[in-house]
Protein chains: 2
Amino acid sequence: METPKTPLSIDTRIREGLSRVGMVLRVDEWNRAKATGLNPTQLSILTLLEGREKDGLGVKEIAAHLGVSQPTATDSINALERKGFLAKRQGAADKRAVSVVLTADGASALNATDTGEGLAAQAIGALDHGEQEDLLVTLIKMIRRLQEADAIPVQRMCVTCRYFAPFAHADAARPHHCKFVDAAFGQRELRIDCRDHVEADPASRAATWDAFQTG
Amino acid sequence: METPKTPLSIDTRIREGLSRVGMVLRVDEWNRAKATGLNPTQLSILTLLEGREKDGLGVKEIAAHLGVSQPTATDSINALERKGFLAKRQGAADKRAVSVVLTADGASALNATDTGEGLAAQAIGALDHGEQEDLLVTLIKMIRRLQEADAIPVQRMCVTCRYFAPFAHADAARPHHCKFVDAAFGQRELRIDCRDHVEADPASRAATWDAFQTG
DNA sequence: CGTTAATATATAGGAGTCCTATATATTTTC
DNA sequence: GAAAATATATAGGACTCCTATATATTAACG
């Protein structure tokens with residue numbers, strides 16, 4: 001009957017929980033990816049490039065999004081280039097730079113991986129609607145904090161978008177408004193990575209966040 | 001002005017959010033591990049073995065906890081054995097089996113990695129107390145579901161422990177009771193991986209969960 | 001009781017991730 | 001225009017991670 005060591009803080013236990021769930025996400029990704037001969041890292045890169053077909057992304061940006069070093073990103077990009085799933089174009093203005101874009105093959109490989117079912121979806125499905133919504137909002141809050149702290153690159157979330165008008169409507173089910181598509185939407189529809197995102201300037205971003213939080 | 005493709009379900013967006021946060025967890029782990037010459041996978045294994053010094057764990061079990069194949073687990077275990085951070089003992093009853101245990105060196109390497117600060121801790125710190133608590137409970141709910149579905153191995157959580165008496169006290173701050181240490185504790189103290197965990201039988205596990213949920 | 005099936009782990013082989021350190025080519029800066 | 005900063009690539013090495021298969025034991029069953 002040992003007494004437990006230093007009692008763990010709630011931070012630590014949340015991290016433990018996130019890491020368990022994260023493990024399952026990774027397993028799902030292996031299953032998704034296997035069919036197309038990809039692995040989770042490669043799948044992440046293709047996903048990242050989807051919806052950025054205009055400008056592509058630089059090697060450094062990809063590394064930052066993946067949370068790996070730049071040479072590692074080069075490695076994985078090369079692996080995908082060999083497979084013909086993406087292409088490197090020389091940067092227009094800056095000749096040092098490179099612009100990585102999805103090829104047609106890459107896009108179809110991505111579509112071939114059915115994103116539908118998986119263990120993670122099952123776990124999320126075990127939550128009721130309110131919990132799902134709260135979880136989404138909590139994650140958004142965490143991600144935003146990391147973004148504000150420059151710990152991760154800019155995410156294309158509604159809450160930092162210039163087109164986002166939080167709580168613009170009285171309708172409790174669809175309180176928010178997207179000025180880009182000019183439509184109302186609900187908390188449950190909040191995006192983590194919207195292809196139409198345009199970052200708002202810091203001042204209005206802060207104001208938007210404030211309005212979003214105080215609901 | 002492209003119209004967005006098929007609108008993503010909330011499942012998908014929660015997965016996106018979890019994966020962003022998971023990326024940060026991984027970066028934190030690299031930073032933690034680097035000092036001791038480890039990598040995140042190795043760190044996970046050592047963490048897993050901590051608090052199981054009596055019986056150790058089998059290769060297969062370690063693989064299941066990590067969500068990797070058995071040969072991969074063998075690889076990583078061998079790497080750690082080379083470094084002297086763990087040892088393999090032959091199984092007592094079953095001579096095929098192996099029991100992997102932490103060595104003293106392994107334990108101190110683990111302690112050397114300061115678990116304190118990191119990006120994830122910062123992101124979690126951005127949440128208020130209520131949100132942290134809700135997040136912890138939500139994660140527990142998800143993990144339990146995965147466990148019940150045999151998608152992940154048994155986790156040593158309070159909610160599946162025979163010593164756990166949910167909402168046994170009137171005190172709102174410390175409603176739960178742990179019959180092992182015979183003490184009251186709060187939602188915020190719920191464990192994800194308790195070394196004193198003993199799995200309850202299915203029937204009482206279900207009853208406990210029910211009591212916990214309807215709290 | 002002995003053959004067959006199941007289990008726990010290890011090996012083999014190979015692609016790819018991931019790191020640090022450093023080289024190369026271009027901007028940028030003063 | 002030289003020095004500092006930036007974007008990417010290379011080199012070298014440890015390790016992760018897979019599938020397929022081999023080995024040793026234990027369990028199952030006719």
# chains A, B, ... in the order shown; residues from 1 in each chain; ligands from 1
$ closest_atom_pairs --of "chain B" --to "chain A" --cutoff "7 Å" --atoms "only C-alpha atoms" --output "Markdown table"
| residue | atom | partner | partner_atom | distance |
| --- | --- | --- | --- | --- |
| B:Ile10 | CA | A:Arg188 | CA | 6.2 |
| B:Asp11 | CA | A:Ala121 | CA | 6.0 |
| B:Arg13 | CA | A:Ile192 | CA | 6.2 |
| B:Ile14 | CA | A:Leu136 | CA | 5.6 |
| B:Glu16 | CA | A:Ile192 | CA | 6.7 |
| B:Gly17 | CA | A:Leu139 | CA | 5.8 |
| B:Ser19 | CA | A:Gly22 | CA | 6.9 |
| B:Val21 | CA | A:Ile143 | CA | 6.8 |
| B:Gly22 | CA | A:Gly22 | CA | 5.9 |
| B:Met23 | CA | A:Gly67 | CA | 6.3 |
| B:Val27 | CA | A:Gly67 | CA | 6.3 |
| B:Leu66 | CA | A:Met23 | CA | 6.9 |
| B:Gly67 | CA | A:Met23 | CA | 6.3 |
| B:Ala121 | CA | A:Asp11 | CA | 6.0 |
| B:Ala123 | CA | A:Met142 | CA | 4.8 |
| B:Ile124 | CA | A:Asp11 | CA | 6.4 |
| B:Ala126 | CA | A:Met142 | CA | 6.6 |
| B:Leu135 | CA | A:Leu135 | CA | 6.8 |
| B:Leu136 | CA | A:Ile14 | CA | 5.6 |
| B:Leu139 | CA | A:Gly17 | CA | 5.8 |
| B:Ile140 | CA | A:Gly17 | CA | 6.9 |
| B:Met142 | CA | A:Ala123 | CA | 4.8 |
| B:Ile143 | CA | A:Val21 | CA | 6.8 |
| B:Arg145 | CA | A:Ala123 | CA | 6.0 |
| B:Leu146 | CA | A:Ala123 | CA | 6.1 |
| B:Arg188 | CA | A:Ile10 | CA | 6.2 |
| B:Glu189 | CA | A:Ile10 | CA | 6.8 |
| B:Arg191 | CA | A:Arg13 | CA | 6.6 |
| B:Ile192 | CA | A:Arg13 | CA | 6.2 |
$ write_last_selection --atoms "N, CA and C atoms" --output "PDB file, in the first residue's frame"
ATOM      1  N   ILE B  10     -19.018  17.728 -37.139  1.00  0.00           N
ATOM      2  CA  ILE B  10     -18.357  18.169 -35.901  1.00  0.00           C
ATOM      3  C   ILE B  10     -17.298  17.161 -35.486  1.00  0.00           C
ATOM      4  N   ASP B  11     -17.507  15.906 -35.777  1.00  0.00           N
ATOM      5  CA  ASP B  11     -16.502  14.870 -35.507  1.00  0.00           C
ATOM      6  C   ASP B  11     -15.185  15.270 -36.126  1.00  0.00           C
ATOM      7  N   ARG B  13     -14.150  18.114 -37.198  1.00  0.00           N
ATOM      8  CA  ARG B  13     -13.519  19.318 -36.677  1.00  0.00           C
ATOM      9  C   ARG B  13     -12.924  19.084 -35.296  1.00  0.00           C
ATOM     10  N   ILE B  14     -13.560  18.258 -34.496  1.00  0.00           N
ATOM     11  CA  ILE B  14     -12.969  17.924 -33.196  1.00  0.00           C
ATOM     12  C   ILE B  14     -11.668  17.144 -33.409  1.00  0.00           C
ATOM     13  N   GLU B  16      -9.710  17.419 -35.938  1.00  0.00           N
ATOM     14  CA  GLU B  16      -8.715  18.417 -36.358  1.00  0.00           C
ATOM     15  C   GLU B  16      -8.138  19.129 -35.146  1.00  0.00           C
ATOM     16  N   GLY B  17      -9.020  19.545 -34.274  1.00  0.00           N
ATOM     17  CA  GLY B  17      -8.559  20.262 -33.084  1.00  0.00           C
ATOM     18  C   GLY B  17      -7.683  19.391 -32.204  1.00  0.00           C
ATOM     19  N   SER B  19      -5.920  16.967 -33.121  1.00  0.00           N
ATOM     20  CA  SER B  19      -4.640  16.681 -33.749  1.00  0.00           C
ATOM     21  C   SER B  19      -3.706  17.886 -33.638  1.00  0.00           C
ATOM     22  N   VAL B  21      -3.666  19.992 -31.116  1.00  0.00           N
ATOM     23  CA  VAL B  21      -3.201  19.984 -29.736  1.00  0.00           C
ATOM     24  C   VAL B  21      -2.233  18.816 -29.522  1.00  0.00           C
ATOM     25  N   GLY B  22      -2.513  17.716 -30.182  1.00  0.00           N
ATOM     26  CA  GLY B  22      -1.645  16.553 -30.059  1.00  0.00           C
ATOM     27  C   GLY B  22      -0.262  16.829 -30.607  1.00  0.00           C
ATOM     28  N   MET B  23      -0.206  17.606 -31.668  1.00  0.00           N
ATOM     29  CA  MET B  23       1.077  17.971 -32.245  1.00  0.00           C
ATOM     30  C   MET B  23       1.924  18.704 -31.205  1.00  0.00           C
ATOM     31  N   VAL B  27       5.624  17.865 -29.522  1.00  0.00           N
ATOM     32  CA  VAL B  27       6.762  18.791 -29.478  1.00  0.00           C
ATOM     33  C   VAL B  27       7.269  18.923 -28.044  1.00  0.00           C
ATOM     34  N   LEU B  66       0.851   1.611 -26.729  1.00  0.00           N
ATOM     35  CA  LEU B  66       1.409   2.621 -27.617  1.00  0.00           C
ATOM     36  C   LEU B  66       0.654   2.729 -28.935  1.00  0.00           C
ATOM     37  N   GLY B  67      -0.121   1.711 -29.222  1.00  0.00           N
ATOM     38  CA  GLY B  67      -0.840   1.711 -30.491  1.00  0.00           C
ATOM     39  C   GLY B  67       0.074   1.434 -31.673  1.00  0.00           C
ATOM     40  N   ALA B 121       0.912  22.663 -21.378  1.00  0.00           N
ATOM     41  CA  ALA B 121       0.524  23.170 -20.064  1.00  0.00           C
ATOM     42  C   ALA B 121       0.013  24.605 -20.184  1.00  0.00           C
ATOM     43  N   ALA B 123      -1.392  25.933 -22.846  1.00  0.00           N
ATOM     44  CA  ALA B 123      -2.708  25.924 -23.486  1.00  0.00           C
ATOM     45  C   ALA B 123      -3.788  25.511 -22.494  1.00  0.00           C
ATOM     46  N   ILE B 124      -3.472  24.546 -21.664  1.00  0.00           N
ATOM     47  CA  ILE B 124      -4.448  24.092 -20.678  1.00  0.00           C
ATOM     48  C   ILE B 124      -4.655  25.186 -19.636  1.00  0.00           C
ATOM     49  N   ALA B 126      -4.745  28.196 -20.185  1.00  0.00           N
ATOM     50  CA  ALA B 126      -5.590  29.263 -20.731  1.00  0.00           C
ATOM     51  C   ALA B 126      -7.065  29.009 -20.445  1.00  0.00           C
ATOM     52  N   LEU B 135     -13.166  19.342 -19.454  1.00  0.00           N
ATOM     53  CA  LEU B 135     -12.299  18.695 -20.443  1.00  0.00           C
ATOM     54  C   LEU B 135     -11.804  17.356 -19.919  1.00  0.00           C
ATOM     55  N   LEU B 136     -11.390  17.360 -18.661  1.00  0.00           N
ATOM     56  CA  LEU B 136     -10.911  16.112 -18.069  1.00  0.00           C
ATOM     57  C   LEU B 136     -12.008  15.045 -18.095  1.00  0.00           C
ATOM     58  N   LEU B 139     -12.648  13.796 -21.627  1.00  0.00           N
ATOM     59  CA  LEU B 139     -11.603  12.871 -22.069  1.00  0.00           C
ATOM     60  C   LEU B 139     -11.784  11.501 -21.424  1.00  0.00           C
ATOM     61  N   ILE B 140     -12.125  11.514 -20.156  1.00  0.00           N
ATOM     62  CA  ILE B 140     -12.357  10.249 -19.455  1.00  0.00           C
ATOM     63  C   ILE B 140     -13.489   9.477 -20.118  1.00  0.00           C
ATOM     64  N   MET B 142     -14.443   9.667 -23.208  1.00  0.00           N
ATOM     65  CA  MET B 142     -13.997   9.147 -24.499  1.00  0.00           C
ATOM     66  C   MET B 142     -13.098   7.917 -24.313  1.00  0.00           C
ATOM     67  N   ILE B 143     -12.195   8.024 -23.380  1.00  0.00           N
ATOM     68  CA  ILE B 143     -11.258   6.920 -23.153  1.00  0.00           C
ATOM     69  C   ILE B 143     -12.014   5.675 -22.686  1.00  0.00           C
ATOM     70  N   ARG B 145     -15.033   4.858 -23.328  1.00  0.00           N
ATOM     71  CA  ARG B 145     -15.747   4.274 -24.449  1.00  0.00           C
ATOM     72  C   ARG B 145     -14.818   3.405 -25.299  1.00  0.00           C
ATOM     73  N   LEU B 146     -13.636   3.923 -25.546  1.00  0.00           N
ATOM     74  CA  LEU B 146     -12.661   3.179 -26.340  1.00  0.00           C
ATOM     75  C   LEU B 146     -12.256   1.892 -25.638  1.00  0.00           C
ATOM     76  N   ARG B 188     -11.710  17.224 -10.210  1.00  0.00           N
ATOM     77  CA  ARG B 188     -10.420  17.647 -10.745  1.00  0.00           C
ATOM     78  C   ARG B 188      -9.298  16.678 -10.422  1.00  0.00           C
ATOM     79  N   GLU B 189      -9.541  15.818  -9.443  1.00  0.00           N
ATOM     80  CA  GLU B 189      -8.485  14.879  -9.037  1.00  0.00           C
ATOM     81  C   GLU B 189      -8.625  13.508  -9.708  1.00  0.00           C
ATOM     82  N   ARG B 191      -8.183  10.386 -11.767  1.00  0.00           N
ATOM     83  CA  ARG B 191      -6.957   9.881 -12.383  1.00  0.00           C
ATOM     84  C   ARG B 191      -7.205   9.225 -13.727  1.00  0.00           C
ATOM     85  N   ILE B 192      -6.227   9.345 -14.585  1.00  0.00           N
ATOM     86  CA  ILE B 192      -6.237   8.648 -15.874  1.00  0.00           C
ATOM     87  C   ILE B 192      -5.406   7.376 -15.758  1.00  0.00           C
TER      88      ILE B 192
END
$ interface_residues --of "chain D" --to "chain A" --cutoff "9 Å" --atoms "only C-alpha atoms (C1' of nucleotides)" --output "PyMOL selection string"
chain D and resi 6-9
$ closest_residue --among "D:DA28, D:DA22, D:DC17, D:DA4" --to "DA15 (chain C)" --atoms "only C-alpha atoms (C1' of nucleotides)"
D:DC17
$ interface_residues --of "chain C" --to "chain A" --cutoff "12 Å" --atoms "only C-alpha atoms (C1' of nucleotides)" --output "number ranges by chain"
C: 15-22, 24-28
$ atom_distance --atom1 "CA of Val159 (chain B)" --atom2 "CA of Trp209 (chain B)"
6.3 Å
$ calpha_fit_and_write --fixed "chain B" --moving "chain A" --output "CSV table (one decimal) with C-alpha atoms, in the first residue's frame"
chain,number,residue,atom,x,y,z
A,1,MET,CA,-15.1,32.5,-54.1
A,2,GLU,CA,-15.4,28.8,-54.1
A,3,THR,CA,-18.2,27.3,-52.1
A,4,PRO,CA,-16.8,25.0,-49.4
A,5,LYS,CA,-16.9,21.3,-50.2
A,6,THR,CA,-19.1,19.0,-48.2
A,7,PRO,CA,-19.4,20.7,-44.9
A,8,LEU,CA,-17.3,18.9,-42.3
A,9,SER,CA,-19.0,17.1,-39.5
A,10,ILE,CA,-18.3,18.1,-35.9
A,11,ASP,CA,-16.5,14.8,-35.5
A,12,THR,CA,-14.0,15.9,-38.1
A,13,ARG,CA,-13.5,19.3,-36.7
A,14,ILE,CA,-12.9,17.9,-33.2
A,15,ARG,CA,-10.4,15.5,-34.7
A,16,GLU,CA,-8.7,18.4,-36.4
A,17,GLY,CA,-8.5,20.2,-33.1
A,18,LEU,CA,-7.3,17.2,-31.2
A,19,SER,CA,-4.6,16.7,-33.8
A,20,ARG,CA,-3.4,20.3,-33.5
A,21,VAL,CA,-3.2,20.0,-29.8
A,22,GLY,CA,-1.6,16.5,-30.1
A,23,MET,CA,1.1,18.0,-32.2
A,24,VAL,CA,2.0,20.4,-29.5
A,25,LEU,CA,2.1,17.6,-27.0
A,26,ARG,CA,4.5,15.7,-29.2
A,27,VAL,CA,6.8,18.8,-29.5
A,28,ASP,CA,6.7,19.1,-25.7
A,29,GLU,CA,7.8,15.5,-25.4
A,30,TRP,CA,10.7,16.0,-27.7
A,31,ASN,CA,11.9,18.9,-25.6
A,32,ARG,CA,11.4,16.9,-22.4
A,33,ALA,CA,13.2,13.9,-23.8
A,34,LYS,CA,16.1,15.5,-25.6
A,35,ALA,CA,18.0,16.1,-22.3
A,36,THR,CA,18.3,12.4,-21.6
A,37,GLY,CA,18.9,11.3,-25.2
A,38,LEU,CA,15.4,9.8,-25.4
A,39,ASN,CA,12.7,10.4,-27.9
A,40,PRO,CA,8.9,10.6,-27.3
A,41,THR,CA,8.2,6.9,-28.0
A,42,GLN,CA,10.9,5.9,-25.6
A,43,LEU,CA,9.7,8.3,-23.0
A,44,SER,CA,6.2,6.9,-23.3
A,45,ILE,CA,7.4,3.4,-22.6
A,46,LEU,CA,9.3,4.5,-19.6
A,47,THR,CA,6.3,6.4,-18.3
A,48,LEU,CA,4.1,3.4,-18.9
A,49,LEU,CA,6.5,1.2,-16.9
A,50,GLU,CA,6.6,3.6,-14.0
A,51,GLY,CA,4.2,2.5,-11.3
A,52,ARG,CA,4.2,-1.1,-12.6
A,53,GLU,CA,7.5,-2.1,-11.0
A,54,LYS,CA,6.0,-5.2,-9.5
A,55,ASP,CA,4.9,-7.2,-12.5
A,56,GLY,CA,6.3,-5.2,-15.4
A,57,LEU,CA,4.6,-5.3,-18.8
A,58,GLY,CA,4.8,-7.7,-21.7
A,59,VAL,CA,5.9,-6.7,-25.1
A,60,LYS,CA,2.5,-7.1,-26.5
A,61,GLU,CA,0.9,-5.0,-23.8
A,62,ILE,CA,3.4,-2.3,-24.4
A,63,ALA,CA,2.6,-2.4,-28.1
A,64,ALA,CA,-1.1,-2.1,-27.4
A,65,HIS,CA,-0.7,0.8,-25.0
A,66,LEU,CA,1.4,2.6,-27.6
A,67,GLY,CA,-0.8,1.7,-30.5
A,68,VAL,CA,2.0,0.2,-32.6
A,69,SER,CA,2.7,-3.2,-33.9
A,70,GLN,CA,4.5,-5.8,-31.7
A,71,PRO,CA,7.7,-5.8,-33.7
A,72,THR,CA,7.9,-2.0,-33.3
A,73,ALA,CA,7.5,-2.3,-29.6
A,74,THR,CA,10.3,-4.9,-29.6
A,75,ASP,CA,12.5,-2.4,-31.5
A,76,SER,CA,11.9,0.4,-29.0
A,77,ILE,CA,12.3,-1.9,-26.0
A,78,ASN,CA,15.6,-3.1,-27.4
A,79,ALA,CA,16.8,0.5,-27.9
A,80,LEU,CA,15.9,1.2,-24.3
A,81,GLU,CA,17.6,-1.9,-23.1
A,82,ARG,CA,20.8,-1.0,-24.9
A,83,LYS,CA,20.7,2.3,-23.0
A,84,GLY,CA,20.2,0.4,-19.7
A,85,PHE,CA,16.9,2.1,-19.0
A,86,LEU,CA,14.8,-1.1,-18.8
A,87,ALA,CA,15.4,-4.8,-18.4
A,88,LYS,CA,13.7,-7.9,-19.7
A,89,ARG,CA,13.0,-10.7,-17.3
A,90,GLN,CA,11.7,-14.0,-18.4
A,91,GLY,CA,8.1,-14.6,-17.6
A,92,ALA,CA,7.5,-16.6,-14.4
A,93,ALA,CA,4.7,-18.9,-15.4
A,94,ASP,CA,4.8,-18.6,-19.2
A,95,LYS,CA,8.3,-19.2,-20.6
A,96,ARG,CA,7.4,-17.5,-23.9
A,97,ALA,CA,6.6,-14.3,-22.2
A,98,VAL,CA,8.8,-11.5,-21.1
A,99,SER,CA,8.4,-9.0,-18.4
A,100,VAL,CA,9.8,-5.6,-19.1
A,101,VAL,CA,10.6,-3.5,-16.0
A,102,LEU,CA,12.2,-0.1,-15.4
A,103,THR,CA,15.8,-0.1,-14.1
A,104,ALA,CA,17.0,2.4,-11.5
A,105,ASP,CA,18.7,4.3,-14.4
A,106,GLY,CA,15.4,4.4,-16.3
A,107,ALA,CA,13.6,5.7,-13.3
A,108,SER,CA,16.0,8.5,-12.7
A,109,ALA,CA,16.1,9.4,-16.4
A,110,LEU,CA,12.4,9.7,-16.2
A,111,ASN,CA,12.6,12.0,-13.2
A,112,ALA,CA,15.2,14.1,-14.9
A,113,THR,CA,12.8,15.1,-17.6
A,114,ASP,CA,11.0,18.0,-16.0
A,115,THR,CA,7.3,17.4,-16.6
A,116,GLY,CA,6.4,20.9,-15.5
A,117,GLU,CA,6.3,23.5,-18.2
A,118,GLY,CA,5.5,23.2,-21.8
A,119,LEU,CA,3.3,24.5,-24.5
A,120,ALA,CA,0.5,22.1,-23.7
A,121,ALA,CA,0.5,23.2,-20.1
A,122,GLN,CA,0.3,26.7,-21.3
A,123,ALA,CA,-2.7,25.9,-23.5
A,124,ILE,CA,-4.4,24.1,-20.7
A,125,GLY,CA,-3.7,27.0,-18.4
A,126,ALA,CA,-5.6,29.3,-20.8
A,127,LEU,CA,-8.8,27.5,-19.7
A,128,ASP,CA,-10.7,28.4,-16.6
A,129,HIS,CA,-11.2,25.9,-13.8
A,130,GLY,CA,-14.6,24.8,-15.0
A,131,GLU,CA,-13.4,24.2,-18.5
A,132,GLN,CA,-10.4,22.2,-17.3
A,133,GLU,CA,-12.7,20.0,-15.2
A,134,ASP,CA,-15.1,19.5,-18.1
A,135,LEU,CA,-12.3,18.7,-20.4
A,136,LEU,CA,-10.9,16.1,-18.1
A,137,VAL,CA,-14.3,14.5,-17.7
A,138,THR,CA,-14.9,14.5,-21.4
A,139,LEU,CA,-11.6,12.9,-22.1
A,140,ILE,CA,-12.4,10.2,-19.4
A,141,LYS,CA,-15.6,9.6,-21.1
A,142,MET,CA,-14.0,9.1,-24.5
A,143,ILE,CA,-11.3,6.9,-23.1
A,144,ARG,CA,-13.7,4.8,-21.3
A,145,ARG,CA,-15.7,4.3,-24.4
A,146,LEU,CA,-12.7,3.2,-26.3
A,147,GLN,CA,-11.8,0.8,-23.5
A,148,GLU,CA,-15.2,-0.7,-23.4
A,149,ALA,CA,-15.0,-1.2,-27.2
A,150,ASP,CA,-11.7,-3.0,-26.7
A,151,ALA,CA,-10.1,-0.4,-29.0
A,152,ILE,CA,-7.4,0.3,-26.4
A,153,PRO,CA,-6.1,-1.6,-23.4
A,154,VAL,CA,-7.4,-1.2,-19.9
A,155,GLN,CA,-6.6,2.2,-18.6
A,156,ARG,CA,-6.1,2.6,-14.9
A,157,MET,CA,-8.7,5.2,-14.4
A,158,CYS,CA,-10.8,5.9,-11.3
A,159,VAL,CA,-14.0,5.4,-13.1
A,160,THR,CA,-13.2,1.7,-13.7
A,161,CYS,CA,-11.6,1.0,-10.4
A,162,ARG,CA,-13.1,-1.2,-7.7
A,163,TYR,CA,-12.0,1.3,-5.1
A,164,PHE,CA,-13.9,4.2,-6.7
A,165,ALA,CA,-17.1,5.4,-5.1
A,166,PRO,CA,-18.5,8.3,-7.1
A,167,PHE,CA,-20.6,11.0,-5.4
A,168,ALA,CA,-20.3,9.4,-2.1
A,169,HIS,CA,-20.2,12.7,-0.3
A,170,ALA,CA,-22.4,15.7,-0.1
A,171,ASP,CA,-19.4,18.1,-0.4
A,172,ALA,CA,-19.6,19.5,-3.9
A,173,ALA,CA,-15.9,20.2,-4.0
A,174,ARG,CA,-14.9,16.6,-3.0
A,175,PRO,CA,-17.8,14.4,-3.9
A,176,HIS,CA,-15.9,11.2,-4.7
A,177,HIS,CA,-14.3,8.7,-2.4
A,178,CYS,CA,-11.3,6.4,-3.0
A,179,LYS,CA,-11.7,3.3,-0.9
A,180,PHE,CA,-8.0,2.5,-1.4
A,181,VAL,CA,-6.6,5.5,0.4
A,182,ASP,CA,-9.9,6.0,2.1
A,183,ALA,CA,-10.2,9.7,1.2
A,184,ALA,CA,-12.6,12.1,-0.5
A,185,PHE,CA,-11.6,13.8,-3.6
A,186,GLY,CA,-13.0,16.1,-6.4
A,187,GLN,CA,-13.7,15.8,-10.1
A,188,ARG,CA,-10.4,17.7,-10.7
A,189,GLU,CA,-8.5,14.9,-9.0
A,190,LEU,CA,-9.8,12.1,-11.2
A,191,ARG,CA,-7.0,9.9,-12.4
A,192,ILE,CA,-6.2,8.7,-15.8
A,193,ASP,CA,-3.5,6.3,-14.8
A,194,CYS,CA,-3.4,5.4,-11.1
A,195,ARG,CA,-0.9,2.9,-9.9
A,196,ASP,CA,-3.2,1.6,-7.3
A,197,HIS,CA,-6.0,0.9,-9.8
A,198,VAL,CA,-7.7,-2.5,-9.6
A,199,GLU,CA,-10.3,-3.1,-12.3
A,200,ALA,CA,-13.8,-3.7,-11.0
A,201,ASP,CA,-15.8,-6.5,-12.4
A,202,PRO,CA,-18.1,-5.6,-15.4
A,203,ALA,CA,-21.3,-5.4,-13.4
A,204,SER,CA,-20.0,-3.0,-10.7
A,205,ARG,CA,-18.1,-1.1,-13.3
A,206,ALA,CA,-21.3,-0.4,-15.2
A,207,ALA,CA,-23.0,0.6,-11.9
A,208,THR,CA,-20.2,2.9,-11.0
A,209,TRP,CA,-20.2,4.5,-14.4
A,210,ASP,CA,-23.9,5.1,-14.2
A,211,ALA,CA,-23.6,6.7,-10.8
A,212,PHE,CA,-20.7,8.8,-12.0
A,213,GLN,CA,-22.6,10.0,-15.0
A,214,THR,CA,-25.8,10.9,-13.4
A,215,GLY,CA,-23.8,12.6,-10.6
$ select_by_dssp --residues "chain A" --states "helix (DSSP H, G or I)" --output "PyMOL selection string"
chain A and resi 10-34+40-49+59-66+70-82+104-112+119-125+129-148+158-160+187-189+202-214
$ atom_distance --atom1 "C1' of DG1 (chain D)" --atom2 "C1' of DA23 (chain C)"
23.0 Å
$ residues_around --residues "DA6 (chain C)" --least-positions-apart "3" --cutoff "12 Å" --atoms "only C-alpha atoms (C1' of nucleotides)" --output "compact mmCIF listing (two decimals) with all heavy atoms, in the first residue's frame"
# COMPACT_ATOMS: atom_id res chain seq x y z
P DT D 25 11.54 -22.96 -25.06
OP1 DT D 25 12.20 -22.23 -24.00
OP2 DT D 25 12.11 -24.22 -25.62
O5' DT D 25 10.09 -23.26 -24.57
C5' DT D 25 9.03 -22.94 -25.40
C4' DT D 25 7.95 -22.21 -24.63
O4' DT D 25 7.01 -21.81 -25.63
C3' DT D 25 7.19 -23.11 -23.67
O3' DT D 25 6.64 -22.33 -22.61
C2' DT D 25 6.16 -23.76 -24.57
C1' DT D 25 5.86 -22.63 -25.56
N1 DT D 25 5.58 -23.10 -26.94
C2 DT D 25 4.39 -22.72 -27.49
O2 DT D 25 3.57 -22.03 -26.91
N3 DT D 25 4.17 -23.18 -28.76
C4 DT D 25 5.02 -23.97 -29.51
O4 DT D 25 4.70 -24.33 -30.65
C5 DT D 25 6.25 -24.34 -28.88
C7 DT D 25 7.23 -25.20 -29.61
C6 DT D 25 6.47 -23.89 -27.63
P DT D 26 6.00 -23.08 -21.37
OP1 DT D 26 6.18 -22.22 -20.19
OP2 DT D 26 6.47 -24.47 -21.36
O5' DT D 26 4.47 -23.07 -21.76
C5' DT D 26 3.82 -21.81 -21.89
C4' DT D 26 2.44 -22.00 -22.47
O4' DT D 26 2.51 -22.54 -23.81
C3' DT D 26 1.52 -22.96 -21.69
O3' DT D 26 0.31 -22.26 -21.51
C2' DT D 26 1.38 -24.16 -22.61
C1' DT D 26 1.48 -23.48 -23.97
N1 DT D 26 1.86 -24.30 -25.14
C2 DT D 26 1.05 -24.27 -26.25
O2 DT D 26 0.02 -23.63 -26.32
N3 DT D 26 1.50 -25.03 -27.31
C4 DT D 26 2.65 -25.80 -27.34
O4 DT D 26 2.96 -26.43 -28.36
C5 DT D 26 3.44 -25.80 -26.15
C7 DT D 26 4.70 -26.59 -26.09
C6 DT D 26 3.01 -25.05 -25.11
P DA D 27 -0.86 -22.89 -20.68
OP1 DA D 27 -1.41 -21.82 -19.84
OP2 DA D 27 -0.41 -24.16 -20.08
O5' DA D 27 -1.90 -23.20 -21.84
C5' DA D 27 -2.42 -22.14 -22.61
C4' DA D 27 -3.42 -22.67 -23.63
O4' DA D 27 -2.73 -23.51 -24.60
C3' DA D 27 -4.54 -23.54 -23.04
O3' DA D 27 -5.73 -23.16 -23.73
C2' DA D 27 -4.09 -24.97 -23.36
C1' DA D 27 -3.35 -24.77 -24.68
N9 DA D 27 -2.27 -25.71 -24.96
C8 DA D 27 -1.26 -26.06 -24.12
N7 DA D 27 -0.39 -26.91 -24.66
C5 DA D 27 -0.89 -27.12 -25.94
C6 DA D 27 -0.43 -27.90 -27.01
N6 DA D 27 0.69 -28.65 -26.97
N1 DA D 27 -1.16 -27.89 -28.15
C2 DA D 27 -2.26 -27.14 -28.19
N3 DA D 27 -2.79 -26.36 -27.25
C4 DA D 27 -2.04 -26.39 -26.13
P DA D 28 -7.09 -23.80 -23.48
OP1 DA D 28 -7.93 -22.82 -22.81
OP2 DA D 28 -6.90 -25.14 -22.87
O5' DA D 28 -7.61 -23.99 -24.99
C5' DA D 28 -6.72 -24.45 -25.97
C4' DA D 28 -7.42 -25.37 -26.96
O4' DA D 28 -6.49 -26.41 -27.35
C3' DA D 28 -8.65 -26.12 -26.43
O3' DA D 28 -9.47 -26.41 -27.55
C2' DA D 28 -8.03 -27.36 -25.81
C1' DA D 28 -6.90 -27.67 -26.81
N9 DA D 28 -5.71 -28.28 -26.25
C8 DA D 28 -5.23 -28.20 -24.97
N7 DA D 28 -4.11 -28.86 -24.76
C5 DA D 28 -3.83 -29.42 -26.01
C6 DA D 28 -2.77 -30.24 -26.46
N6 DA D 28 -1.76 -30.64 -25.69
N1 DA D 28 -2.80 -30.62 -27.76
C2 DA D 28 -3.81 -30.22 -28.53
N3 DA D 28 -4.86 -29.44 -28.21
C4 DA D 28 -4.80 -29.08 -26.93
